[in-house]
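Trainee: To be precise about what I am sending: the file is called work30.txt and holds compact mmCIF, C-alpha atoms and all ligand atoms.
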# COMPACT_ATOMS: atom_id res chain seq x y z
CA PHE F 1 -12.46 -1.58 25.00
CA ALA F 2 -10.44 -4.68 24.14
CA PRO F 3 -10.30 -5.63 20.48
CA ALA F 4 -11.30 -9.25 20.04
CA PRO F 5 -8.66 -11.41 18.36
CA VAL F 6 -9.76 -12.33 14.86
CA THR F 7 -8.61 -15.39 12.96
CA ARG F 8 -7.52 -14.64 9.43
CA SER F 9 -8.50 -16.86 6.57
CA SER F 10 -5.15 -16.32 4.88
CA THR F 11 -1.59 -15.59 5.90
CA ALA F 12 0.46 -14.04 3.17
CA LEU F 13 3.23 -12.02 4.72
CA ASN F 14 5.93 -13.95 2.91
CA VAL F 15 7.86 -11.10 1.33
CA TRP F 16 7.93 -8.74 4.27
CA GLY F 17 11.49 -8.90 5.42
CA ASP F 18 13.39 -10.80 2.77
CA LYS F 19 13.65 -8.03 0.18
CA ASP F 20 15.18 -4.57 0.38
CA TYR F 21 12.45 -3.08 -1.80
CA LEU F 22 8.89 -4.10 -2.51
CA ILE F 23 7.02 -3.16 -5.70
CA ALA F 24 3.26 -3.04 -5.31
CA PRO F 25 1.24 -2.36 -8.47
CA SER F 26 -2.07 -0.66 -7.67
CA ILE F 27 -4.97 -2.61 -9.13
CA LEU F 28 -6.87 0.65 -9.40
CA SER F 29 -5.29 0.78 -12.88
CA ALA F 30 -6.21 -2.82 -13.73
CA ASP F 31 -8.79 -3.88 -16.30
CA PHE F 32 -11.49 -4.81 -13.77
CA ALA F 33 -13.28 -7.02 -16.27
CA LYS F 34 -10.20 -9.29 -16.10
CA LEU F 35 -9.00 -8.67 -12.57
CA GLY F 36 -7.84 -12.21 -11.73
CA GLU F 37 -5.84 -12.42 -14.94
CA GLU F 38 -4.36 -8.95 -14.42
CA VAL F 39 -3.18 -9.84 -10.91
CA ASP F 40 -1.74 -13.16 -12.11
CA ASN F 41 0.11 -11.32 -14.88
CA MET F 42 1.58 -8.63 -12.68
CA LEU F 43 2.77 -11.22 -10.14
CA GLU F 44 4.29 -13.36 -12.91
CA ALA F 45 6.01 -10.19 -14.11
CA GLY F 46 7.74 -9.84 -10.74
CA ALA F 47 5.47 -7.70 -8.56
CA ASP F 48 5.89 -8.39 -4.83
CA VAL F 49 2.61 -7.15 -3.43
CA VAL F 50 -0.94 -6.46 -4.67
CA HIS F 51 -1.93 -2.91 -3.71
CA PHE F 52 -5.70 -2.80 -3.17
CA ASP F 53 -7.36 0.65 -3.05
CA VAL F 54 -10.65 0.87 -1.18
CA MET F 55 -12.59 4.12 -1.72
CA ASP F 56 -16.00 4.95 -0.26
CA ASN F 57 -17.16 8.12 -2.07
CA HIS F 58 -17.20 9.77 1.35
CA TYR F 59 -13.66 9.99 2.69
CA VAL F 60 -12.45 10.32 -0.92
CA PRO F 61 -14.44 11.34 -4.01
CA ASN F 62 -14.38 7.95 -5.72
CA LEU F 63 -15.97 4.55 -5.19
CA THR F 64 -14.06 1.33 -5.82
CA ILE F 65 -13.91 -2.18 -4.43
CA GLY F 66 -14.51 -3.92 -1.12
CA PRO F 67 -13.80 -7.12 0.81
CA MET F 68 -15.73 -9.35 -1.62
CA VAL F 69 -13.18 -8.56 -4.30
CA CYS F 70 -10.29 -9.23 -1.91
CA LYS F 71 -11.78 -12.62 -1.05
CA ALA F 72 -12.39 -13.31 -4.73
CA LEU F 73 -8.67 -12.79 -5.43
CA ARG F 74 -7.79 -15.24 -2.63
CA ASP F 75 -10.31 -17.74 -3.99
CA HIS F 76 -8.79 -17.25 -7.43
CA GLY F 77 -5.48 -18.47 -5.96
CA VAL F 78 -3.57 -15.28 -5.23
CA THR F 79 -1.09 -16.04 -2.42
CA ALA F 80 0.97 -12.85 -2.63
CA PRO F 81 0.48 -10.23 0.07
CA ILE F 82 -2.59 -8.05 -0.44
CA ASP F 83 -1.93 -4.51 0.76
CA VAL F 84 -5.31 -2.98 1.56
CA HIS F 85 -5.32 0.82 1.57
CA LEU F 86 -8.52 1.96 3.24
CA MET F 87 -9.74 5.34 2.01
CA VAL F 88 -12.96 5.00 3.98
CA SER F 89 -14.50 6.61 7.04
CA PRO F 90 -15.22 5.18 9.56
CA VAL F 91 -12.59 2.46 9.30
CA ASP F 92 -13.16 -0.13 12.05
CA ALA F 93 -15.93 -2.18 10.44
CA ALA F 94 -13.98 -2.34 7.19
CA ILE F 95 -10.91 -3.60 9.07
CA GLY F 96 -12.75 -6.69 10.33
CA ASP F 97 -14.21 -7.37 6.90
CA PHE F 98 -10.81 -7.21 5.21
CA ILE F 99 -9.15 -9.40 7.82
CA ASP F 100 -11.79 -12.03 7.08
CA ALA F 101 -11.35 -11.50 3.34
CA GLY F 102 -7.64 -12.38 3.42
CA ALA F 103 -5.87 -9.02 3.59
CA SER F 104 -2.19 -9.13 4.55
CA TYR F 105 -1.49 -5.48 5.28
CA ILE F 106 -4.15 -2.90 6.18
CA THR F 107 -3.49 0.83 6.25
CA PHE F 108 -5.85 3.70 7.00
CA HIS F 109 -5.84 7.48 7.30
CA PRO F 110 -5.68 8.92 10.84
CA GLU F 111 -8.30 11.54 9.92
CA ALA F 112 -10.77 8.77 9.07
CA THR F 113 -11.08 7.27 12.56
CA ASN F 114 -11.73 8.76 15.97
CA HIS F 115 -9.39 6.26 17.62
CA VAL F 116 -6.16 5.66 15.75
CA ASP F 117 -4.60 3.43 18.40
CA ARG F 118 -7.70 1.25 18.65
CA SER F 119 -7.93 0.82 14.86
CA LEU F 120 -4.26 -0.22 14.73
CA GLN F 121 -4.91 -2.74 17.51
CA LEU F 122 -7.84 -4.17 15.55
CA ILE F 123 -5.61 -4.76 12.52
CA LYS F 124 -2.80 -6.34 14.50
CA GLY F 125 -5.26 -8.42 16.52
CA GLY F 126 -6.35 -9.91 13.21
CA GLY F 127 -2.79 -10.94 12.33
CA CYS F 128 -2.23 -8.32 9.63
CA LYS F 129 0.53 -5.78 9.27
CA ALA F 130 -0.81 -2.36 10.26
CA GLY F 131 -0.06 1.09 8.93
CA LEU F 132 -1.03 4.72 8.85
CA VAL F 133 -1.44 6.74 5.64
CA PHE F 134 -0.51 10.40 5.45
CA ASN F 135 -2.03 12.68 2.83
CA PRO F 136 0.26 15.24 1.19
CA ALA F 137 -0.77 17.99 3.62
CA THR F 138 -1.06 15.83 6.75
CA SER F 139 1.67 16.03 9.38
CA LEU F 140 3.47 12.89 10.55
CA ASP F 141 2.93 13.90 14.20
CA VAL F 142 0.31 11.25 14.96
CA ALA F 143 2.80 8.51 14.09
CA LYS F 144 5.03 9.46 17.03
CA PHE F 145 2.40 8.31 19.52
CA VAL F 146 1.79 4.88 17.97
CA LEU F 147 5.22 4.02 16.60
CA ASP F 148 5.33 0.69 18.44
CA LYS F 149 2.20 -0.43 16.55
CA LEU F 150 3.27 0.62 13.06
CA ASP F 151 4.50 -1.89 10.48
CA ILE F 152 3.97 0.56 7.63
CA ILE F 153 4.02 4.31 7.16
CA LEU F 154 2.40 5.08 3.81
CA LEU F 155 2.97 8.53 2.34
CA MET F 156 0.53 9.73 -0.29
CA SER F 157 2.43 11.57 -3.00
CA VAL F 158 -0.88 12.59 -4.63
CA ASN F 159 -4.22 13.52 -3.12
CA PRO F 160 -6.04 10.21 -2.67
CA GLY F 161 -8.94 9.24 -4.91
CA PHE F 162 -7.59 8.69 -8.40
CA GLY F 163 -4.76 7.06 -10.29
CA GLY F 164 -2.69 8.82 -12.93
CA GLN F 165 -1.91 12.02 -11.00
CA ALA F 166 1.45 13.78 -10.87
CA PHE F 167 3.88 13.11 -7.99
CA ILE F 168 3.92 15.95 -5.44
CA PRO F 169 7.63 16.78 -4.91
CA ALA F 170 7.24 17.96 -1.27
CA THR F 171 6.65 14.30 -0.38
CA LEU F 172 10.40 13.70 -0.73
CA ASP F 173 11.20 15.83 2.35
CA LYS F 174 8.41 14.10 4.22
CA ALA F 175 9.88 10.72 3.29
CA LYS F 176 13.24 11.80 4.71
CA GLU F 177 11.51 12.87 7.94
CA ALA F 178 9.63 9.55 8.16
CA ARG F 179 12.81 7.54 7.45
CA LYS F 180 14.58 9.40 10.27
CA MET F 181 11.69 8.66 12.63
CA ILE F 182 11.74 4.94 11.74
CA ASP F 183 15.51 4.59 12.00
CA GLU F 184 15.85 6.53 15.22
CA ALA F 185 13.21 4.33 16.85
CA GLY F 186 14.88 1.20 15.41
CA LEU F 187 11.60 -0.04 13.96
CA ASP F 188 10.89 -2.90 11.56
CA CYS F 189 8.57 -0.56 9.66
CA ARG F 190 8.23 -0.25 5.90
CA LEU F 191 8.11 3.24 4.38
CA GLU F 192 5.66 3.07 1.50
CA ILE F 193 4.83 5.70 -1.11
CA ASP F 194 1.79 5.95 -3.34
CA GLY F 195 1.01 8.20 -6.27
CA GLY F 196 2.82 9.25 -9.41
CA VAL F 197 5.67 6.75 -9.01
CA LYS F 198 7.34 6.02 -12.36
CA VAL F 199 10.56 4.52 -13.70
CA ASP F 200 12.05 8.00 -13.99
CA ASN F 201 11.46 9.11 -10.37
CA ILE F 202 11.63 5.86 -8.36
CA LYS F 203 15.39 6.19 -7.70
CA GLU F 204 14.98 9.65 -6.17
CA VAL F 205 12.05 8.42 -4.08
CA CYS F 206 14.15 5.49 -2.89
CA GLU F 207 17.04 7.76 -1.99
CA ALA F 208 14.64 9.71 0.25
CA GLY F 209 14.24 6.53 2.31
CA VAL F 210 11.26 4.74 0.79
CA ASP F 211 11.38 0.92 0.54
CA MET F 212 7.89 0.00 -0.71
CA PHE F 213 6.60 1.49 -3.93
CA VAL F 214 3.02 1.58 -5.15
CA ALA F 215 2.67 2.22 -8.88
CA GLY F 216 -0.59 2.03 -10.79
CA SER F 217 -0.68 3.70 -14.17
CA ALA F 218 3.08 3.29 -14.71
CA ILE F 219 2.76 -0.51 -14.69
CA LEU F 220 -0.83 -1.56 -15.38
CA LYS F 221 -1.44 -0.13 -18.84
CA GLU F 222 -1.81 -1.31 -22.42
CA PRO F 223 -0.83 -3.73 -23.90
CA ARG F 224 -1.53 -5.45 -20.51
CA THR F 225 0.77 -8.42 -21.05
CA VAL F 226 3.18 -10.16 -18.67
CA GLU F 227 6.06 -9.05 -20.90
CA ALA F 228 5.06 -5.39 -20.81
CA TYR F 229 4.52 -5.44 -17.03
CA LYS F 230 7.87 -7.19 -16.58
CA GLU F 231 9.64 -4.60 -18.68
CA THR F 232 8.43 -1.78 -16.41
CA ILE F 233 9.02 -3.67 -13.16
CA ASP F 234 12.53 -4.68 -14.27
CA ALA F 235 13.27 -1.07 -15.23
CA MET F 236 12.11 0.05 -11.77
CA ARG F 237 14.31 -2.58 -10.09
CA LYS F 238 17.29 -1.43 -12.16
CA GLU F 239 16.74 2.14 -10.93
CA LEU F 240 16.40 0.88 -7.35
CA ALA F 241 19.65 -1.07 -7.65
CA ALA F 242 21.39 2.14 -8.71
CA ALA F 243 20.00 4.16 -5.79
CA GLU F 244 22.45 5.40 -3.18
CA LYS F 245 21.72 4.06 0.27
O1 LIG Q 301 -4.41 5.31 -3.78
C1 LIG Q 301 -4.18 5.74 -4.88
C2 LIG Q 301 -4.89 6.93 -5.36
O2 LIG Q 301 -5.72 7.37 -4.35
C3 LIG Q 301 -3.12 5.12 -5.68
O3 LIG Q 301 -2.85 3.79 -5.30
C4 LIG Q 301 -3.16 5.24 -7.15
O4 LIG Q 301 -3.86 4.17 -7.71
C5 LIG Q 301 -1.77 5.23 -7.71
O5 LIG Q 301 -1.85 5.38 -9.05
P1 LIG Q 301 -0.69 6.04 -9.92
O6 LIG Q 301 -0.50 7.44 -9.40
O7 LIG Q 301 0.54 5.20 -9.69
O8 LIG Q 301 -1.23 5.97 -11.29
How would this structure read if it were set down as structure tokens?
Mentor:
Amino acid sequence: FAPAPVTRSSTALNVWGDKDYLIAPSILSADFAKLGEEVDNMLEAGADVVHFDVMDNHYVPNLTIGPMVCKALRDHGVTAPIDVHLMVSPVDAAIGDFIDAGASYITFHPEATNHVDRSLQLIKGGGCKAGLVFNPATSLDVAKFVLDKLDIILLMSVNPGFGGQAFIPATLDKAKEARKMIDEAGLDCRLEIDGGVKVDNIKEVCEAGVDMFVAGSAILKEPRTVEAYKETIDAMRKELAAAEK
């Protein structure tokens, strides 16, 4: 098997290496009737990345959005990185569809594919950053065997499927373990966290080694204005600036 190289319709990796920390609001908490406007507003408010949750009602018990919506955001004019988190099984067909739709980063769960290495190769062959996602009770062991292909390790700090859940504290030790793994291997790999991230816990999460933060309900909520989104994102950045490295 040799994954065919795929040409991407969009290249939006512009904030990968130039910032210490990336803030990625999850559009799962957006007002979907106004999705383009919501994404414009959160980017104007200072978000770095658009976190895009894809759920299939099979791998996780919820059903959300697919590649058509990703393409629609690109057609709307979104040039920021789109961070596609696949909560689908199987994953390979979806990978090709999202590469074509303009995804920048694509992550998937190792349990959702029979061939982790092949799925990572498919993503990288399409010019996207590739990552693995680890559920709260899933060991990081798989990562050791594909470290050279990982641009992102994404730790779920809630069980995947829904926004608005409480952060699972055991994820902090896992983040420390993942940070050690990344540093010891000298990798250019982001450590991302997803679930229950708020202004009042982001500093502790950062101090555990995380450098990319997904936050849905903490940012995308009423009154859904640029000013309100900016207030939360600025407060998160202030906490991050105070974190001990
Ligand atoms: O992937 C998921 C949930 O499965 C997340 O991206 C959530 O959307 C995060 O939402 P909050 O916990 O920040 O509200």
Trainee: Per residue of region 77-162 of chain F within 12 Å of region 27-45 of chain F, what are the shortest atom pair and its distance in Å to one decimal, counting all atoms listed in the file, with rows by chain and residue number, as JSON lines?
Mentor:
{"residue": "F:Gly77", "atom": "CA", "partner": "F:Gly36", "partner_atom": "CA", "distance": 8.8}
{"residue": "F:Val78", "atom": "CA", "partner": "F:Asp40", "partner_atom": "CA", "distance": 7.4}
{"residue": "F:Thr79", "atom": "CA", "partner": "F:Leu43", "partner_atom": "CA", "distance": 9.9}
{"residue": "F:Ala80", "atom": "CA", "partner": "F:Leu43", "partner_atom": "CA", "distance": 7.9}
{"residue": "F:Pro81", "atom": "CA", "partner": "F:Leu43", "partner_atom": "CA", "distance": 10.5}
{"residue": "F:Ile82", "atom": "CA", "partner": "F:Ile27", "partner_atom": "CA", "distance": 10.5}
{"residue": "F:Asp83", "atom": "CA", "partner": "F:Ile27", "partner_atom": "CA", "distance": 10.5}
{"residue": "F:Val84", "atom": "CA", "partner": "F:Ile27", "partner_atom": "CA", "distance": 10.7}
{"residue": "F:His85", "atom": "CA", "partner": "F:Leu28", "partner_atom": "CA", "distance": 11.1}
{"residue": "F:Pro160", "atom": "CA", "partner": "F:Leu28", "partner_atom": "CA", "distance": 11.7}
{"residue": "F:Gly161", "atom": "CA", "partner": "F:Leu28", "partner_atom": "CA", "distance": 9.9}
{"residue": "F:Phe162", "atom": "CA", "partner": "F:Leu28", "partner_atom": "CA", "distance": 8.1}
Trainee: Can you tell me, as a list in words, what residues are no more than 12 Å from Val116 (chain F) when counting all atoms listed in the file, ignoring any on the same chain fewer than 4 positions away?
Mentor: Pro90, Val91, Asp92, Thr107, Phe108, His109, Pro110, Glu111, Ala112, Leu120, Gln121, Leu122, Ile123, Ala130, Gly131, Leu132, Val133, Val142, Ala143, Lys144, Phe145, Val146, Leu147, Lys149 and Leu150 of chain F
Trainee: Pull the closest atom pair for each residue of chain F that gets at most 9 Å from ligand LIG 301 (chain Q), along with the distance in Å to one decimal, counting all atoms listed in the file, ordering rows by chain and then ascending residue number, as a Markdown table.
Mentor:
| residue | atom | partner | partner_atom | distance |
| --- | --- | --- | --- | --- |
| F:Pro25 | CA | Q:LIG301 | O7 | 7.7 |
| F:Ser26 | CA | Q:LIG301 | O3 | 5.1 |
| F:Ile27 | CA | Q:LIG301 | O4 | 7.0 |
| F:Leu28 | CA | Q:LIG301 | O4 | 4.9 |
| F:Ser29 | CA | Q:LIG301 | O4 | 6.3 |
| F:His51 | CA | Q:LIG301 | O3 | 6.9 |
| F:Phe52 | CA | Q:LIG301 | O3 | 7.5 |
| F:Asp53 | CA | Q:LIG301 | O1 | 5.6 |
| F:Val54 | CA | Q:LIG301 | O1 | 8.1 |
| F:Met55 | CA | Q:LIG301 | O2 | 8.0 |
| F:Val60 | CA | Q:LIG301 | O2 | 8.1 |
| F:Asn62 | CA | Q:LIG301 | O2 | 8.8 |
| F:His85 | CA | Q:LIG301 | O1 | 7.0 |
| F:Leu86 | CA | Q:LIG301 | O1 | 8.8 |
| F:Met87 | CA | Q:LIG301 | O2 | 7.8 |
| F:Met156 | CA | Q:LIG301 | O1 | 7.5 |
| F:Ser157 | CA | Q:LIG301 | O6 | 8.2 |
| F:Val158 | CA | Q:LIG301 | C2 | 7.0 |
| F:Asn159 | CA | Q:LIG301 | O2 | 6.4 |
| F:Pro160 | CA | Q:LIG301 | O2 | 3.3 |
| F:Gly161 | CA | Q:LIG301 | O2 | 3.8 |
| F:Phe162 | CA | Q:LIG301 | C2 | 4.4 |
| F:Gly163 | CA | Q:LIG301 | O5 | 3.6 |
| F:Gly164 | CA | Q:LIG301 | O8 | 3.6 |
| F:Gln165 | CA | Q:LIG301 | O6 | 5.1 |
| F:Ala166 | CA | Q:LIG301 | O6 | 6.8 |
| F:Phe167 | CA | Q:LIG301 | O6 | 7.3 |
| F:Ile193 | CA | Q:LIG301 | O3 | 9.0 |
| F:Asp194 | CA | Q:LIG301 | O3 | 5.5 |
| F:Gly195 | CA | Q:LIG301 | O6 | 3.6 |
| F:Gly196 | CA | Q:LIG301 | O6 | 3.8 |
| F:Val197 | CA | Q:LIG301 | O7 | 5.4 |
| F:Lys198 | CA | Q:LIG301 | O7 | 7.4 |
| F:Val214 | CA | Q:LIG301 | O3 | 6.3 |
| F:Ala215 | CA | Q:LIG301 | O7 | 3.8 |
| F:Gly216 | CA | Q:LIG301 | O7 | 3.5 |
| F:Ser217 | CA | Q:LIG301 | O8 | 3.7 |
| F:Ala218 | CA | Q:LIG301 | O7 | 5.9 |
| F:Ile219 | CA | Q:LIG301 | O7 | 7.9 |
| F:Leu220 | CA | Q:LIG301 | O8 | 8.6 |
Trainee: Take CA of Ala47 (chain F) and CA of Gly126 (chain F) and report the distance between them in Å, one decimal.
Mentor: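 Spanning CA of Ala47 (chain F) to CA of Gly126 (chain F) is a straight-line distance of 24.9 Å.
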Trainee: Taking only C-alpha atoms into account, name the residue in F:Ala185, F:Leu240, F:Val49, F:Leu63 that is nearest to Trp16 (chain F).
Mentor: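 Closest to Trp16 (chain F), using only C-alpha atoms: F:Val49.
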Trainee: Grab all the atoms of region 154-170 of chain F that the file lists, wrap them in a box along x, y and z, add 4 Å per side, and give me centre plus edge lengths in Å (one decimal) as lines of an AutoDock Vina configuration file.
Mentor:
center_x = -0.7
center_y = 11.5
center_z = -4.6
size_x = 24.6
size_y = 20.9
size_z = 24.7
Trainee: Record the distance separating CA of Leu191 (chain F) and CA of Val69 (chain F), expressed in Å with one decimal.
Mentor: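 Interatomic distance here is 25.8 Å.
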Trainee: For the atom pair CA of Asp117 (chain F) and CA of Leu154 (chain F), what is the interatomic distance in Å to one decimal place?
Mentor: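 Calculated distance between CA of Asp117 (chain F) and CA of Leu154 (chain F) is 16.3 Å.
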Trainee: Let me make sure I understand: among F:Leu187, F:Leu172, F:Ala93, F:Val88, which one has the smallest atom-to-atom distance to Lys203 (chain F) if we use only C-alpha atoms?
Mentor: F:Leu172
Trainee: Pick out the closest residue to Lys180 (chain F) from this set: F:Met236, F:Ala24, F:Ala208, F:Ala242. Count only C-alpha atoms.
Mentor: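 Between F:Met236, F:Ala24, F:Ala208, F:Ala242, the residue approaching Lys180 (chain F) most closely is F:Ala208.
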